[in-house]
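One file, work_34.cif, is given below (mmCIF, C-alpha atoms).
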```cif
data_upload
#
loop_
_atom_site.label_atom_id
_atom_site.label_comp_id
_atom_site.auth_asym_id
_atom_site.auth_seq_id
_atom_site.Cartn_x
_atom_site.Cartn_y
_atom_site.Cartn_z
CA MET A 1 12.12 3.74 10.96
CA THR A 2 13.25 5.18 14.29
CA ASN A 3 13.89 8.87 14.95
CA LEU A 4 17.68 9.30 15.13
CA GLY A 5 17.80 13.05 14.68
CA GLY A 6 14.45 14.26 13.41
CA LEU A 7 12.10 13.77 10.53
CA GLU A 8 14.51 14.84 7.78
CA PRO A 9 16.99 11.94 8.06
CA LEU A 10 14.12 9.47 8.38
CA SER A 11 12.49 10.87 5.25
CA GLN A 12 15.78 10.83 3.36
CA LYS A 13 16.36 7.21 4.36
CA PHE A 14 12.83 6.32 3.26
CA ALA A 15 13.43 8.03 -0.11
CA GLU A 16 16.68 6.11 -0.57
CA LYS A 17 14.92 2.84 0.22
CA LEU A 18 12.19 3.56 -2.34
CA THR A 19 14.80 4.35 -4.98
CA GLU A 20 16.67 1.15 -4.19
CA THR A 21 13.49 -0.93 -4.35
CA VAL A 22 12.41 0.46 -7.72
CA ARG A 23 15.88 0.23 -9.26
CA LYS A 24 16.36 -3.36 -8.09
CA THR A 25 12.89 -4.22 -9.41
CA LEU A 26 12.60 -2.30 -12.68
CA GLY A 27 16.06 -0.98 -13.45
CA GLU A 28 17.26 2.62 -13.53
CA CYS A 29 14.83 5.33 -12.44
CA ASP A 30 14.88 8.93 -11.28
CA PRO A 31 15.69 8.94 -7.54
CA PHE A 32 13.11 9.66 -4.88
CA ARG A 33 13.83 12.76 -2.81
CA ALA A 34 12.49 14.15 0.46
CA GLN A 35 11.29 17.75 0.35
CA SER A 36 10.48 19.74 3.48
CA LEU A 37 7.02 21.24 4.04
CA ASP A 38 5.59 23.32 6.90
CA ASP A 39 9.03 24.30 8.25
CA GLY A 40 10.18 20.71 8.46
CA SER A 41 7.17 19.25 10.28
CA ARG A 42 6.25 17.30 7.13
CA PHE A 43 8.23 15.90 4.23
CA VAL A 44 7.02 14.87 0.79
CA VAL A 45 8.86 11.92 -0.69
CA GLU A 46 8.54 11.66 -4.46
CA GLN A 47 10.52 11.78 -7.68
CA ASN A 48 11.51 14.96 -9.46
CA GLU A 49 10.72 13.36 -12.80
CA ARG A 50 7.33 14.64 -13.98
CA HIS A 51 6.63 11.60 -16.12
CA GLY A 52 6.97 9.04 -13.34
CA ILE A 53 8.47 5.58 -13.64
CA PRO A 54 8.14 3.94 -17.08
CA LEU A 55 6.86 0.36 -17.02
CA ARG A 56 8.08 -1.42 -20.15
CA VAL A 57 7.33 -4.56 -22.11
CA ASN A 58 10.21 -5.61 -24.37
CA GLU A 59 11.81 -2.23 -23.59
CA THR A 60 8.76 -0.37 -24.95
CA PRO A 61 6.86 1.79 -22.42
CA LEU A 62 3.42 0.34 -21.72
CA LEU A 63 2.44 2.02 -18.45
CA SER A 64 3.76 4.69 -16.10
CA LEU A 65 3.89 4.71 -12.31
CA LYS A 66 3.83 7.78 -10.09
CA VAL A 67 4.36 7.51 -6.33
CA LYS A 68 4.09 10.10 -3.55
CA PHE A 69 4.27 9.90 0.24
CA ASP A 70 3.52 12.66 2.76
CA CYS A 71 5.48 11.88 5.93
CA ARG A 72 5.67 13.12 9.50
CA LEU A 73 6.72 11.78 12.87
CA ASP A 74 4.28 9.54 14.73
CA GLY A 75 2.45 10.52 17.93
CA GLN A 76 5.49 9.67 20.06
CA ASN A 77 7.88 11.59 17.79
CA THR A 78 9.81 8.34 17.39
CA PHE A 79 9.00 6.75 14.05
CA LEU A 80 8.34 7.91 10.52
CA ALA A 81 4.59 7.93 9.84
CA VAL A 82 2.95 8.16 6.44
CA GLU A 83 0.22 10.80 6.57
CA LYS A 84 -0.92 10.34 2.97
CA SER A 85 0.22 8.28 0.03
CA SER A 86 -0.76 7.79 -3.58
CA ILE A 87 0.38 5.17 -6.09
CA LYS A 88 -0.96 5.97 -9.55
CA VAL A 89 -0.75 3.83 -12.69
CA TYR A 90 -1.18 5.51 -16.07
CA GLY A 91 -1.57 4.12 -19.55
CA GLY A 92 1.27 5.06 -21.89
CA ALA A 93 4.78 6.40 -21.49
CA LYS A 94 3.95 9.52 -19.44
CA ALA A 95 2.26 9.84 -16.06
CA SER A 96 -0.08 12.61 -17.13
CA GLY A 97 -3.81 13.13 -17.42
CA GLU A 98 -6.12 10.72 -15.66
CA PRO A 99 -4.64 7.45 -14.34
CA LEU A 100 -6.03 4.00 -15.02
CA PHE A 101 -6.24 3.42 -11.28
CA ARG A 102 -4.69 4.62 -8.05
CA TYR A 103 -4.10 3.33 -4.55
CA GLU A 104 -4.68 5.99 -1.90
CA TYR A 105 -4.04 6.14 1.85
CA GLU A 106 -4.98 8.82 4.37
CA ARG A 107 -3.96 8.52 8.00
CA GLU A 108 -6.86 10.75 9.05
CA PRO A 109 -9.54 10.37 6.36
CA VAL A 110 -12.42 12.83 6.15
CA GLY A 111 -16.03 11.97 5.38
CA ASN A 112 -16.11 8.28 6.33
CA ILE A 113 -13.93 7.19 3.42
CA PRO A 114 -11.70 4.14 4.02
CA GLY A 115 -8.20 5.00 5.18
CA ALA A 116 -6.74 2.80 2.43
CA HIS A 117 -8.68 2.49 -0.82
CA ILE A 118 -8.48 2.03 -4.60
CA HIS A 119 -9.89 4.35 -7.26
CA VAL A 120 -10.50 2.92 -10.74
CA HIS A 121 -10.63 5.75 -13.28
CA ALA A 122 -10.45 4.08 -16.65
CA HIS A 123 -13.26 2.42 -18.55
CA ARG A 124 -12.93 -1.12 -19.84
CA ASP A 125 -11.47 -0.14 -23.21
CA ALA A 126 -8.60 1.78 -21.60
CA PHE A 127 -7.61 -1.28 -19.57
CA THR A 128 -8.02 -3.57 -22.57
CA ALA A 129 -5.60 -1.45 -24.62
CA SER A 130 -2.89 -2.11 -22.04
CA MET A 131 -3.81 -5.73 -21.33
CA VAL A 132 -3.54 -6.84 -24.98
CA ARG A 133 0.08 -5.65 -24.95
CA ALA A 134 0.96 -7.66 -21.85
CA GLY A 135 4.49 -8.96 -21.49
CA LYS A 136 5.28 -12.68 -21.41
CA ALA A 137 7.71 -12.73 -18.49
CA THR A 138 5.15 -14.04 -15.96
CA THR A 139 2.61 -16.86 -16.07
CA ARG A 140 -0.48 -14.68 -16.13
CA GLY A 141 1.14 -12.17 -18.48
CA LEU A 142 2.03 -14.95 -20.91
CA ARG A 143 -1.48 -16.42 -20.74
CA ARG A 144 -2.98 -13.00 -21.35
CA ALA A 145 -0.62 -12.20 -24.23
CA ASN A 146 -1.36 -15.52 -25.94
CA ASN A 147 -5.11 -15.34 -25.40
CA THR A 148 -7.02 -14.45 -28.56
CA ASP A 149 -10.11 -13.38 -26.60
CA VAL A 150 -10.60 -9.72 -25.68
CA PRO A 151 -9.34 -9.32 -22.08
CA THR A 152 -11.65 -7.99 -19.39
CA MET A 153 -11.03 -5.95 -16.26
CA SER A 154 -12.29 -8.86 -14.16
CA GLU A 155 -9.07 -10.72 -14.99
CA LEU A 156 -6.95 -8.24 -13.02
CA HIS A 157 -6.01 -9.04 -9.41
CA PHE A 158 -5.58 -5.97 -7.18
CA PRO A 159 -3.73 -6.72 -3.89
CA VAL A 160 -5.44 -5.33 -0.79
CA GLY A 161 -3.38 -6.28 2.25
CA GLY A 162 -2.59 -9.97 2.09
CA HIS A 163 -3.52 -12.63 4.65
CA ARG A 164 -3.54 -10.46 7.76
CA PHE A 165 -4.61 -7.03 6.58
CA ARG A 166 -7.24 -7.78 3.97
CA PRO A 167 -10.59 -5.94 4.10
CA SER A 168 -13.33 -7.43 6.24
CA LEU A 169 -17.00 -7.89 5.41
CA GLU A 170 -17.67 -4.89 7.64
CA ASP A 171 -15.44 -2.76 5.40
CA VAL A 172 -17.34 -3.78 2.29
CA LEU A 173 -20.76 -3.26 3.89
CA GLU A 174 -19.84 0.22 5.12
CA MET A 175 -18.43 1.12 1.70
CA LEU A 176 -21.70 0.10 0.05
CA ILE A 177 -23.73 2.12 2.52
CA GLU A 178 -21.53 5.22 2.29
CA GLU A 179 -20.88 5.17 -1.46
CA PHE A 180 -24.25 3.96 -2.76
CA GLY A 181 -26.58 5.10 0.03
CA ILE A 182 -28.16 1.66 0.40
CA ASP A 183 -30.80 1.14 3.08
CA HIS A 184 -29.40 0.50 6.55
CA THR A 185 -30.40 0.28 10.19
CA GLU A 186 -29.92 3.12 12.66
CA GLU A 187 -27.26 1.18 14.52
CA PHE A 188 -25.32 0.04 11.45
CA ARG A 189 -22.22 2.11 12.21
CA THR A 190 -21.92 0.79 15.76
CA VAL A 191 -22.44 -2.79 14.60
CA LEU A 192 -19.86 -2.50 11.84
CA ARG A 193 -17.28 -0.80 14.04
CA GLU A 194 -17.65 -3.47 16.71
CA GLY A 195 -17.32 -6.19 14.08
CA ARG A 196 -14.30 -4.47 12.52
CA ARG A 197 -12.65 -4.11 15.93
CA ASP A 198 -13.19 -7.80 16.64
CA TRP A 199 -11.80 -8.76 13.21
CA ARG A 200 -8.72 -6.57 13.54
CA THR A 201 -8.07 -7.75 17.10
CA LYS A 202 -7.98 -11.33 15.84
CA GLN A 203 -5.80 -10.35 12.91
CA THR A 204 -3.42 -8.48 15.21
CA LYS A 205 -2.98 -11.62 17.28
CA ALA A 206 -2.36 -13.61 14.11
CA ALA A 207 0.16 -11.01 12.91
CA VAL A 208 1.99 -11.29 16.26
CA ARG A 209 2.28 -15.04 15.73
CA ASP A 210 3.71 -14.35 12.28
CA ASP A 211 6.39 -12.01 13.66
CA PRO A 212 6.73 -12.35 17.46
CA HIS A 213 10.12 -10.60 17.60
CA SER A 214 8.69 -7.37 16.18
CA ALA A 215 5.78 -7.62 18.61
CA ILE A 216 8.21 -8.00 21.53
CA GLU A 217 10.25 -5.04 20.32
CA ALA A 218 7.14 -2.85 20.11
CA LEU A 219 5.95 -3.89 23.59
CA GLU A 220 9.35 -3.25 25.14
CA ARG A 221 9.39 0.23 23.61
CA MET A 222 6.08 0.82 25.39
CA GLY A 223 7.60 -0.18 28.73
CA TYR A 224 6.62 -3.85 28.94
CA THR A 225 8.98 -6.63 29.89
CA VAL A 226 8.52 -9.72 27.75
CA GLN A 227 10.10 -12.97 28.90
CA LEU A 228 9.97 -16.44 27.37
CA ASP A 229 8.93 -19.28 29.68
CA SER A 230 11.82 -21.34 31.00
CA GLY A 231 12.67 -24.12 28.59
CA ALA A 232 10.44 -22.80 25.84
CA VAL A 233 11.82 -22.51 22.31
CA PRO A 234 11.68 -18.99 20.83
CA PRO A 235 9.25 -19.06 17.90
CA ALA A 236 10.57 -18.22 14.47
CA ALA A 237 9.02 -15.56 12.26
CA ARG A 238 6.67 -16.91 9.59
CA ASN A 239 8.39 -15.23 6.68
CA ASP A 240 6.11 -16.96 4.20
CA ARG A 241 3.16 -15.01 5.61
CA LEU A 242 5.11 -11.77 5.94
CA GLU A 243 6.37 -11.92 2.36
CA GLN A 244 3.34 -13.27 0.51
CA LEU A 245 1.38 -10.90 -1.74
#
```

This entry written out as C-alpha cells:
Amino acid sequence: MTNLGGLEPLSQKFAEKLTETVRKTLGECDPFRAQSLDDGSRFVVEQNERHGIPLRVNETPLLSLKVKFDCRLDGQNTFLAVEKSSIKVYGGAKASGEPLFRYEYEREPVGNIPGAHIHVHAHRDAFTASMVRAGKATTRGLRRANNTDVPTMSELHFPVGGHRFRPSLEDVLEMLIEEFGIDHTEEFRTVLREGRRDWRTKQTKAAVRDDPHSAIEALERMGYTVQLDSGAVPPAARNDRLEQL
C-alpha cells in the first residue's frame, strides 16, 4: 500500500481489506479498525470484539481466531509496513486464555528469535479435542472426521511461507542452537547468515521470475529504468506460484 496522505488512510484501508477478506471467507464478523498510537506514528489494526472471530463447524463454534497488526510507514515513508503481527487460534467459542497456537511476526526481533515464527501452546489432548470435531467440507477434514483412530498433532499442516519464502536449513539449525543450546562451532552464526543470504538471494530471483511486473515497479520506484529487449515477449506472472499455499 502506497502513502497517499499518511499512515492513517493506509491503516484504514488495510483494516477494510482484512474485514473484506474474513467476511468473504467465513461470513459476517466484527470489522477490523485502525487505532492510532504514539501520536499517529503507529496504528494498531484489530477487531473491537473481545472474543475474536468464531470458526464454526455446522454452525457450531469450534475454534476462535484473533488477529492483530501493529503498523507504521516504511523507511522511505512510502508504504505501510507491519511492525508486529499476531494470529492466534483458540479452542472453543471465545478467544480467551491460552491459545492452541499462534503465528507471530516482529520486524525488529530481539534476542536472536526468528522474525516470523510459530508458538504451539496446547498439549496433544487439547488439539485432539478440536480435531475429533473436524468439519467435513474439505478432503482432509472429511478424512479426519471419518477416521476412528485418535488424531495426532503430527497430522496438522502449518503453512510457513510457500514455495519462495519457506524456512531454510540455516533457519532450522539456528533455531535449534538458540532454543536448545546444542553444541556449535565458534563461527556458526557467520556460516548460517552467509548460507541464509545465499538462499534468500536465490529465492528473491525466483520470486522476481514469478512476478516480474512487481519487480519492475519496485526498481523503477528506486530510480532504475527497466526496458525489455527489442522483440522480446513480456513474461506473464506465474499466478499459480503466487497463489499457492

With a distance cut-off of 8 Å and only C-alpha atoms, select the neighbouring residues of range 26-43 of chain A, excluding the residue or stretch itself and same-chain residues fewer than 2 positions from it, and output the selection as a list in words.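 That gives Leu7, Glu8, Ser11, Gln12, Ala15, Glu16, Leu18, Thr19, Val22, Arg23, Lys24, Val45, Glu46, Gln47, Asn48, Glu49, Ile53, Leu55, Asp70, Cys71, Arg72 and Leu73 of chain A.
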
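If you look at CA of Asp211 in chain A and CA of Pro235 in chain A, they are 8.7 Å away from each other.
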
Take the PyMOL selection byres ((chain A and resi 191-197) around 8), run it mentally on this structure, and tell me the resulting residues as a list in words.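 Applied to this file, the PyMOL selection byres ((chain A and resi 191-197) around 8) selects Ser168, Glu170, Asp171, Glu174, Glu187, Phe188, Arg189, Thr190, Asp198, Trp199, Arg200 and Thr201 of chain A.
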
Generate a file of the selected residues that holds C-alpha atoms, formatted as a PDB file, in the frame of the given file.
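Listing of out-v3.pdb after writing:
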```pdb
ATOM      1  CA  SER A 168     -13.330  -7.430   6.240  1.00  0.00           C
ATOM      2  CA  GLU A 170     -17.670  -4.890   7.640  1.00  0.00           C
ATOM      3  CA  ASP A 171     -15.440  -2.760   5.400  1.00  0.00           C
ATOM      4  CA  GLU A 174     -19.840   0.220   5.120  1.00  0.00           C
ATOM      5  CA  GLU A 187     -27.260   1.180  14.520  1.00  0.00           C
ATOM      6  CA  PHE A 188     -25.320   0.040  11.450  1.00  0.00           C
ATOM      7  CA  ARG A 189     -22.220   2.110  12.210  1.00  0.00           C
ATOM      8  CA  THR A 190     -21.920   0.790  15.760  1.00  0.00           C
ATOM      9  CA  ASP A 198     -13.190  -7.800  16.640  1.00  0.00           C
ATOM     10  CA  TRP A 199     -11.800  -8.760  13.210  1.00  0.00           C
ATOM     11  CA  ARG A 200      -8.720  -6.570  13.540  1.00  0.00           C
ATOM     12  CA  THR A 201      -8.070  -7.750  17.100  1.00  0.00           C
TER      13      THR A 201
END
```

Convert the output of the PyMOL selection byres ((chain A and resi 83) around 8) on the shown file into explicit residues, formatted as a short mmCIF file (atom, residue, chain, number, x, y, z; two decimals) with C-alpha atoms, in the frame of the given file.
```
data_model
loop_
_atom_site.label_atom_id
_atom_site.label_comp_id
_atom_site.auth_asym_id
_atom_site.auth_seq_id
_atom_site.Cartn_x
_atom_site.Cartn_y
_atom_site.Cartn_z
CA PHE A 69 4.27 9.90 0.24
CA ASP A 70 3.52 12.66 2.76
CA CYS A 71 5.48 11.88 5.93
CA ARG A 72 5.67 13.12 9.50
CA ALA A 81 4.59 7.93 9.84
CA VAL A 82 2.95 8.16 6.44
CA LYS A 84 -0.92 10.34 2.97
CA SER A 85 0.22 8.28 0.03
CA TYR A 105 -4.04 6.14 1.85
CA GLU A 106 -4.98 8.82 4.37
CA ARG A 107 -3.96 8.52 8.00
CA GLU A 108 -6.86 10.75 9.05
#
```

May I ask which of the residues A:Glu98, A:Glu59, A:Asp149, A:Asp240 is the closest one to His123 in chain A, counting all atoms listed in the file?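 Closest to His123 in chain A, using all atoms listed in the file: A:Glu98.
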
Might you spell out which residues the PyMOL selection byres ((chain A and resi 145) around 9) would select in the displayed file, as a list in words?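 Those residues are Met131, Val132, Arg133, Ala134, Gly135, Lys136, Arg140, Gly141, Leu142, Arg143, Arg144, Asn146, Asn147 and Thr148 of chain A.
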
Emit as AutoDock Vina command-line options the padded axis-aligned box for all listed atoms of range 62-77 of chain A, 3 Å per side, with centre and edge lengths in Å to one decimal.
```
--center_x 5.2 --center_y 6.7 --center_z -0.8 --size_x 11.4 --size_y 18.8 --size_z 47.8
```

Given the choices A:Gly91, A:Arg241, A:Leu80, A:Leu62, which gets closest to Leu10 in chain A if the distance is worked out from all atoms listed in the file?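 Checking each of A:Gly91, A:Arg241, A:Leu80, A:Leu62 against Leu10 in chain A, counting all atoms listed in the file, the winner is A:Leu80.
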
Of the residues A:Arg164, A:Val67, A:Val44, A:Gly75, which is the one nearest to Lys205 in chain A, using only C-alpha atoms? A:Arg164

Name the residues in contact with His213 in chain A at a cut-off of 9 Å, using only C-alpha atoms, excluding same-chain residues fewer than 4 positions from it; report them as an NGL selection string. :A and (208 or 217-218 or 235-237)
